[in-house]
Amino acid sequence: MLLVPGIQFTGKLLSNRWDIVHAAEALGIAAQFNDFDLTTNGEKYSRIVYPVSKEKAAVHHVINSAVETLLAGGELLLLGAKSSGIKTYAQKAAARLGCAKQLQKHGNDYLSVNRFDETKAGATLDDSDYTNLRQPDALGGLWSKPGLFGWNKIDVGSALLASLLPKFLPTEKNGEVRIVDLGCGYGYLSVQAADLATAPEQLHIRASDNNAAAILACRENFQALNIHGSVSAGDAGSEIESGSADFLICNPPFHQGFQVEGDLTDRFLQQAARILKAKGLALFVVNEFIPVSRKAEGLFQQLQLLSREKGFCVYLLGK
Ligand SMILES: C[S@@+](CC[C@H](N)C(=O)[O-])C[C@H]1O[C@@H](n2cnc3c(N)ncnc32)[C@H](O)[C@@H]1O
């Protein structure tokens, strides 16, 4: 479904992406932002249409949930390009919903239609315990879950940025320091910054992400570690007040679902410039081939390449 003006849609849209929910609501479409929780309202549906996610655990979770939320005889429609794994998912969905596999090709995309037959429903698919937060070994005690970017590892670029925090994070000597973590994921960068605070109550961290699973995990980490601040959902920090941050940390996304989106970095840089106070500073880490100097032109007065390592560059940006 293309969210364009004039669109008519009488169903309910559910997405784990805040930008999509926001765009739908702006067009008068009933929409819900959550981590693919189809059961929240206890409602049953006659049709669920799902463009398959990139992550297998999320797709398996949605197929499993369809059994709980479809009315008898209701349909689960899966959409996806060949590279999305749609052919395999069509097979699995058919087995789970108790029907024959039906896959239609439409240009480069495939549509899998699955009619639910309660009497023949098959075994639950392995969804890696999708709904539950856990503490993956590699995260040193931090909470995370499937459904969010790199959920069970520490990103190499983020670790590089974090190694520079001791040198650049403003100190709290002169009062409260307000930090924004843009595209926070499970909150790795926020936690690293909070760890460096000498007066934790004076370091206020605002973490923001577009992804519902990231919000859940990051909130859990803020609570577990008593981090002073808040976690909110938005599109590249669209919900954060202008001129509100002394310091901003960001490892911007490069992919949105299956697509590589080059202009995401531009949007994150623009929003960072808007959110920072007049003399605020930002640390950005990006893939080394992203032309940050050109993209930051006109937005920031100061731009310094601090480190280039393992395919990533960390920049210091100042207004
Ligand atoms: C490269 S990851 C970095 C995650 C985290 N900061 C870390 O260091 O582990 C980029 C993050 O941006 C988020 N993201 C993607 N599109 C976004 C958008 N439009 N607005 C806000 N966040 C977004 C993703 O969900 C992901 O958590």
# chains A, B, ... in the order shown; residues from 1 in each chain; ligands from 1
>>> closest_atom_pairs(of="chain A", to="ligand 1", cutoff="7 Å", atoms="only C-alpha atoms and all ligand atoms", output="CSV")
residue,atom,partner,partner_atom_place_in_ligand_line,distance
A:Asp19,CA,ligand 1,19 (N),6.5
A:Leu148,CA,ligand 1,25 (O),6.0
A:Phe149,CA,ligand 1,26 (C),5.2
A:Ile154,CA,ligand 1,9 (O),6.2
A:Asp155,CA,ligand 1,9 (O),5.6
A:Ser158,CA,ligand 1,8 (O),4.5
A:Asp181,CA,ligand 1,6 (N),6.9
A:Leu182,CA,ligand 1,22 (N),6.5
A:Gly183,CA,ligand 1,12 (O),3.7
A:Cys184,CA,ligand 1,6 (N),3.8
A:Gly185,CA,ligand 1,27 (O),3.4
A:Tyr186,CA,ligand 1,9 (O),6.3
A:Gly187,CA,ligand 1,5 (C),6.0
A:Tyr188,CA,ligand 1,9 (O),5.1
A:Leu189,CA,ligand 1,8 (O),5.4
A:Ser208,CA,ligand 1,21 (C),6.5
A:Asp209,CA,ligand 1,22 (N),3.9
A:Asn210,CA,ligand 1,21 (C),4.1
A:Asn211,CA,ligand 1,25 (O),4.7
A:Ala214,CA,ligand 1,27 (O),6.0
A:Gly234,CA,ligand 1,21 (C),5.9
A:Asp235,CA,ligand 1,20 (N),3.7
A:Ala236,CA,ligand 1,20 (N),3.4
A:Gly237,CA,ligand 1,21 (C),6.1
A:Cys250,CA,ligand 1,6 (N),6.1
A:Asn251,CA,ligand 1,3 (C),4.8
A:Pro252,CA,ligand 1,10 (C),4.8
A:Pro253,CA,ligand 1,10 (C),3.9
A:Phe254,CA,ligand 1,1 (C),6.9
A:Gln256,CA,ligand 1,16 (N),6.1
>>> select_by_dssp(residues="region 194-275 of chain A", states="helix (DSSP H, G or I)", output="MDAnalysis selection string")
chainID A and resid 194:196 200:202 212:224 263:275
>>> write_last_selection(atoms="C-alpha atoms", output="PDB file, in the first residue's frame")
ATOM      1  CA  ALA A 194      25.945   7.266  30.894  1.00  0.00           C
ATOM      2  CA  ASP A 195      28.848   5.109  32.091  1.00  0.00           C
ATOM      3  CA  LEU A 196      31.187   8.092  31.758  1.00  0.00           C
ATOM      4  CA  PRO A 200      24.718  10.905  36.599  1.00  0.00           C
ATOM      5  CA  GLU A 201      21.734  13.041  37.665  1.00  0.00           C
ATOM      6  CA  GLN A 202      23.186  15.932  35.667  1.00  0.00           C
ATOM      7  CA  ALA A 212       9.256  -0.390  18.032  1.00  0.00           C
ATOM      8  CA  ALA A 213      11.552  -3.222  19.174  1.00  0.00           C
ATOM      9  CA  ALA A 214      14.390  -0.728  19.684  1.00  0.00           C
ATOM     10  CA  ILE A 215      12.153   1.429  21.898  1.00  0.00           C
ATOM     11  CA  LEU A 216      11.215  -1.589  24.047  1.00  0.00           C
ATOM     12  CA  ALA A 217      14.823  -2.712  24.514  1.00  0.00           C
ATOM     13  CA  CYS A 218      16.261   0.753  25.068  1.00  0.00           C
ATOM     14  CA  ARG A 219      13.600   1.571  27.697  1.00  0.00           C
ATOM     15  CA  GLU A 220      14.468  -1.660  29.492  1.00  0.00           C
ATOM     16  CA  ASN A 221      18.162  -0.710  29.546  1.00  0.00           C
ATOM     17  CA  PHE A 222      17.433   2.827  30.771  1.00  0.00           C
ATOM     18  CA  GLN A 223      15.339   1.399  33.574  1.00  0.00           C
ATOM     19  CA  ALA A 224      17.733  -1.419  34.494  1.00  0.00           C
ATOM     20  CA  ASP A 263      19.340  10.057   1.874  1.00  0.00           C
ATOM     21  CA  LEU A 264      18.843   8.710   5.404  1.00  0.00           C
ATOM     22  CA  THR A 265      22.230  10.150   6.369  1.00  0.00           C
ATOM     23  CA  ASP A 266      21.143  13.551   5.017  1.00  0.00           C
ATOM     24  CA  ARG A 267      17.999  13.478   7.115  1.00  0.00           C
ATOM     25  CA  PHE A 268      19.876  12.473  10.252  1.00  0.00           C
ATOM     26  CA  LEU A 269      22.397  15.281   9.699  1.00  0.00           C
ATOM     27  CA  GLN A 270      19.620  17.842   9.117  1.00  0.00           C
ATOM     28  CA  GLN A 271      17.772  16.755  12.239  1.00  0.00           C
ATOM     29  CA  ALA A 272      20.980  16.761  14.279  1.00  0.00           C
ATOM     30  CA  ALA A 273      21.614  20.371  13.220  1.00  0.00           C
ATOM     31  CA  ARG A 274      18.043  21.280  14.210  1.00  0.00           C
ATOM     32  CA  ILE A 275      18.179  19.514  17.589  1.00  0.00           C
TER      33      ILE A 275
END
>>> select_by_dssp(residues="region 18-196 of chain A", states="strand (DSSP E or B)", output="ChimeraX atom specification")
/A:31-33,45-51,70-81,103-106,109-115,134,144,177-182
>>> write_last_selection(atoms="C-alpha atoms", output="PDB file, in the first residue's frame")
ATOM      1  CA  ALA A  31      -2.795   2.924  12.553  1.00  0.00           C
ATOM      2  CA  GLN A  32      -0.942   1.322  15.409  1.00  0.00           C
ATOM      3  CA  PHE A  33       2.771   1.426  16.260  1.00  0.00           C
ATOM      4  CA  TYR A  45      -9.386 -10.189  11.407  1.00  0.00           C
ATOM      5  CA  SER A  46     -10.656 -11.621   8.124  1.00  0.00           C
ATOM      6  CA  ARG A  47      -7.490 -10.648   6.276  1.00  0.00           C
ATOM      7  CA  ILE A  48      -3.918  -9.825   7.240  1.00  0.00           C
ATOM      8  CA  VAL A  49      -1.684  -8.364   4.524  1.00  0.00           C
ATOM      9  CA  TYR A  50       2.029  -8.458   5.343  1.00  0.00           C
ATOM     10  CA  PRO A  51       4.981  -7.332   3.199  1.00  0.00           C
ATOM     11  CA  LEU A  70      -7.465 -14.619  11.942  1.00  0.00           C
ATOM     12  CA  LEU A  71     -11.136 -15.519  11.894  1.00  0.00           C
ATOM     13  CA  ALA A  72     -11.865 -19.044  10.679  1.00  0.00           C
ATOM     14  CA  GLY A  73     -11.498 -18.959   6.889  1.00  0.00           C
ATOM     15  CA  GLY A  74      -9.588 -15.658   7.080  1.00  0.00           C
ATOM     16  CA  GLU A  75      -6.551 -15.024   4.891  1.00  0.00           C
ATOM     17  CA  LEU A  76      -2.915 -14.197   5.449  1.00  0.00           C
ATOM     18  CA  LEU A  77      -1.402 -12.525   2.375  1.00  0.00           C
ATOM     19  CA  LEU A  78       2.383 -12.346   2.222  1.00  0.00           C
ATOM     20  CA  LEU A  79       4.101 -10.019  -0.242  1.00  0.00           C
ATOM     21  CA  GLY A  80       7.757  -9.919  -1.186  1.00  0.00           C
ATOM     22  CA  ALA A  81      10.396  -9.885  -3.895  1.00  0.00           C
ATOM     23  CA  LEU A 103       2.123 -18.269  -4.817  1.00  0.00           C
ATOM     24  CA  GLN A 104       1.427 -15.777  -7.587  1.00  0.00           C
ATOM     25  CA  LYS A 105       4.043 -13.734  -9.449  1.00  0.00           C
ATOM     26  CA  HIS A 106       3.289 -10.073 -10.126  1.00  0.00           C
ATOM     27  CA  ASP A 109       7.065  -9.475  -6.631  1.00  0.00           C
ATOM     28  CA  TYR A 110       5.274 -12.502  -5.278  1.00  0.00           C
ATOM     29  CA  LEU A 111       1.968 -12.813  -3.463  1.00  0.00           C
ATOM     30  CA  SER A 112       1.327 -15.788  -1.209  1.00  0.00           C
ATOM     31  CA  VAL A 113      -2.330 -16.376  -0.274  1.00  0.00           C
ATOM     32  CA  ASN A 114      -3.030 -18.550   2.767  1.00  0.00           C
ATOM     33  CA  ARG A 115      -6.564 -19.359   3.877  1.00  0.00           C
ATOM     34  CA  ARG A 134      16.844 -11.082  26.687  1.00  0.00           C
ATOM     35  CA  SER A 144      17.798  -6.622  23.451  1.00  0.00           C
ATOM     36  CA  VAL A 177      24.307  18.295  30.031  1.00  0.00           C
ATOM     37  CA  ARG A 178      21.616  17.206  27.603  1.00  0.00           C
ATOM     38  CA  ILE A 179      22.549  14.421  25.225  1.00  0.00           C
ATOM     39  CA  VAL A 180      20.565  12.996  22.315  1.00  0.00           C
ATOM     40  CA  ASP A 181      21.148   9.476  20.984  1.00  0.00           C
ATOM     41  CA  LEU A 182      19.650   9.514  17.480  1.00  0.00           C
TER      42      LEU A 182
END
>>> closest_residue(among="A:Phe116, A:Trp18, A:Phe312, A:Phe36", to="Phe284 (chain A)", atoms="only C-alpha atoms")
A:Phe312
>>> closest_residue(among="A:Leu317, A:Ala233, A:Glu176, A:Gly157", to="Asn287 (chain A)", atoms="only C-alpha atoms")
A:Gly157
>>> residues_around(residues="Tyr315 (chain A)", least_positions_apart="2", cutoff="10 Å", atoms="only C-alpha atoms", output="number ranges by chain")
A: 161, 282-286, 292-293, 302-308, 312-313, 317-318
>>> write_last_selection(atoms="C-alpha atoms", output="PDB file, in the first residue's frame")
ATOM      1  CA  LEU A 161      32.340   6.090  18.216  1.00  0.00           C
ATOM      2  CA  ALA A 282      27.744  15.893  17.457  1.00  0.00           C
ATOM      3  CA  LEU A 283      29.647  12.664  16.924  1.00  0.00           C
ATOM      4  CA  PHE A 284      28.544  10.725  13.836  1.00  0.00           C
ATOM      5  CA  VAL A 285      29.886   7.362  12.694  1.00  0.00           C
ATOM      6  CA  VAL A 286      29.195   6.295   9.110  1.00  0.00           C
ATOM      7  CA  VAL A 292      29.695  13.360   5.121  1.00  0.00           C
ATOM      8  CA  SER A 293      31.711  16.509   4.306  1.00  0.00           C
ATOM      9  CA  GLN A 302      32.804  22.655  12.056  1.00  0.00           C
ATOM     10  CA  LEU A 303      33.591  19.258  10.612  1.00  0.00           C
ATOM     11  CA  GLN A 304      36.511  17.079  11.644  1.00  0.00           C
ATOM     12  CA  LEU A 305      37.314  13.502  10.724  1.00  0.00           C
ATOM     13  CA  LEU A 306      38.381  11.973  14.050  1.00  0.00           C
ATOM     14  CA  SER A 307      38.959   8.369  13.079  1.00  0.00           C
ATOM     15  CA  ARG A 308      38.917   6.075  10.070  1.00  0.00           C
ATOM     16  CA  PHE A 312      33.960   3.383   9.352  1.00  0.00           C
ATOM     17  CA  CYS A 313      34.606   7.093   9.835  1.00  0.00           C
ATOM     18  CA  LEU A 317      30.374  18.180  13.846  1.00  0.00           C
ATOM     19  CA  GLY A 318      29.813  21.583  15.394  1.00  0.00           C
TER      20      GLY A 318
END
>>> closest_residue(among="A:Leu3, A:Leu125, A:Pro291, A:Asn108", to="Gln91 (chain A)", atoms="only C-alpha atoms")
A:Leu125
>>> closest_atom_pairs(of="region 86-175 of chain A", to="region 242-248 of chain A", cutoff="10 Å", atoms="only C-alpha atoms", output="Markdown table")
| residue | atom | partner | partner_atom | distance |
| --- | --- | --- | --- | --- |
| A:Phe168 | CA | A:Phe247 | CA | 9.1 |
| A:Leu169 | CA | A:Phe247 | CA | 7.3 |
| A:Pro170 | CA | A:Phe247 | CA | 7.3 |
>>> write_last_selection(atoms="C-alpha atoms", output="PDB file, in the first residue's frame")
ATOM      1  CA  PHE A 168      34.461  14.525  23.539  1.00  0.00           C
ATOM      2  CA  LEU A 169      31.524  14.019  25.897  1.00  0.00           C
ATOM      3  CA  PRO A 170      30.904  17.390  27.624  1.00  0.00           C
TER       4      PRO A 170
END
>>> closest_residue(among="A:Ala162, A:Val67, A:Ile86, A:Ala23", to="Val52 (chain A)", atoms="only C-alpha atoms")
A:Ile86
>>> atom_distance(atom1="CA of Leu133 (chain A)", atom2="CA of Ser65 (chain A)")
17.8 Å
>>> atom_distance(atom1="CA of Gly298 (chain A)", atom2="CA of Glu239 (chain A)")
22.7 Å
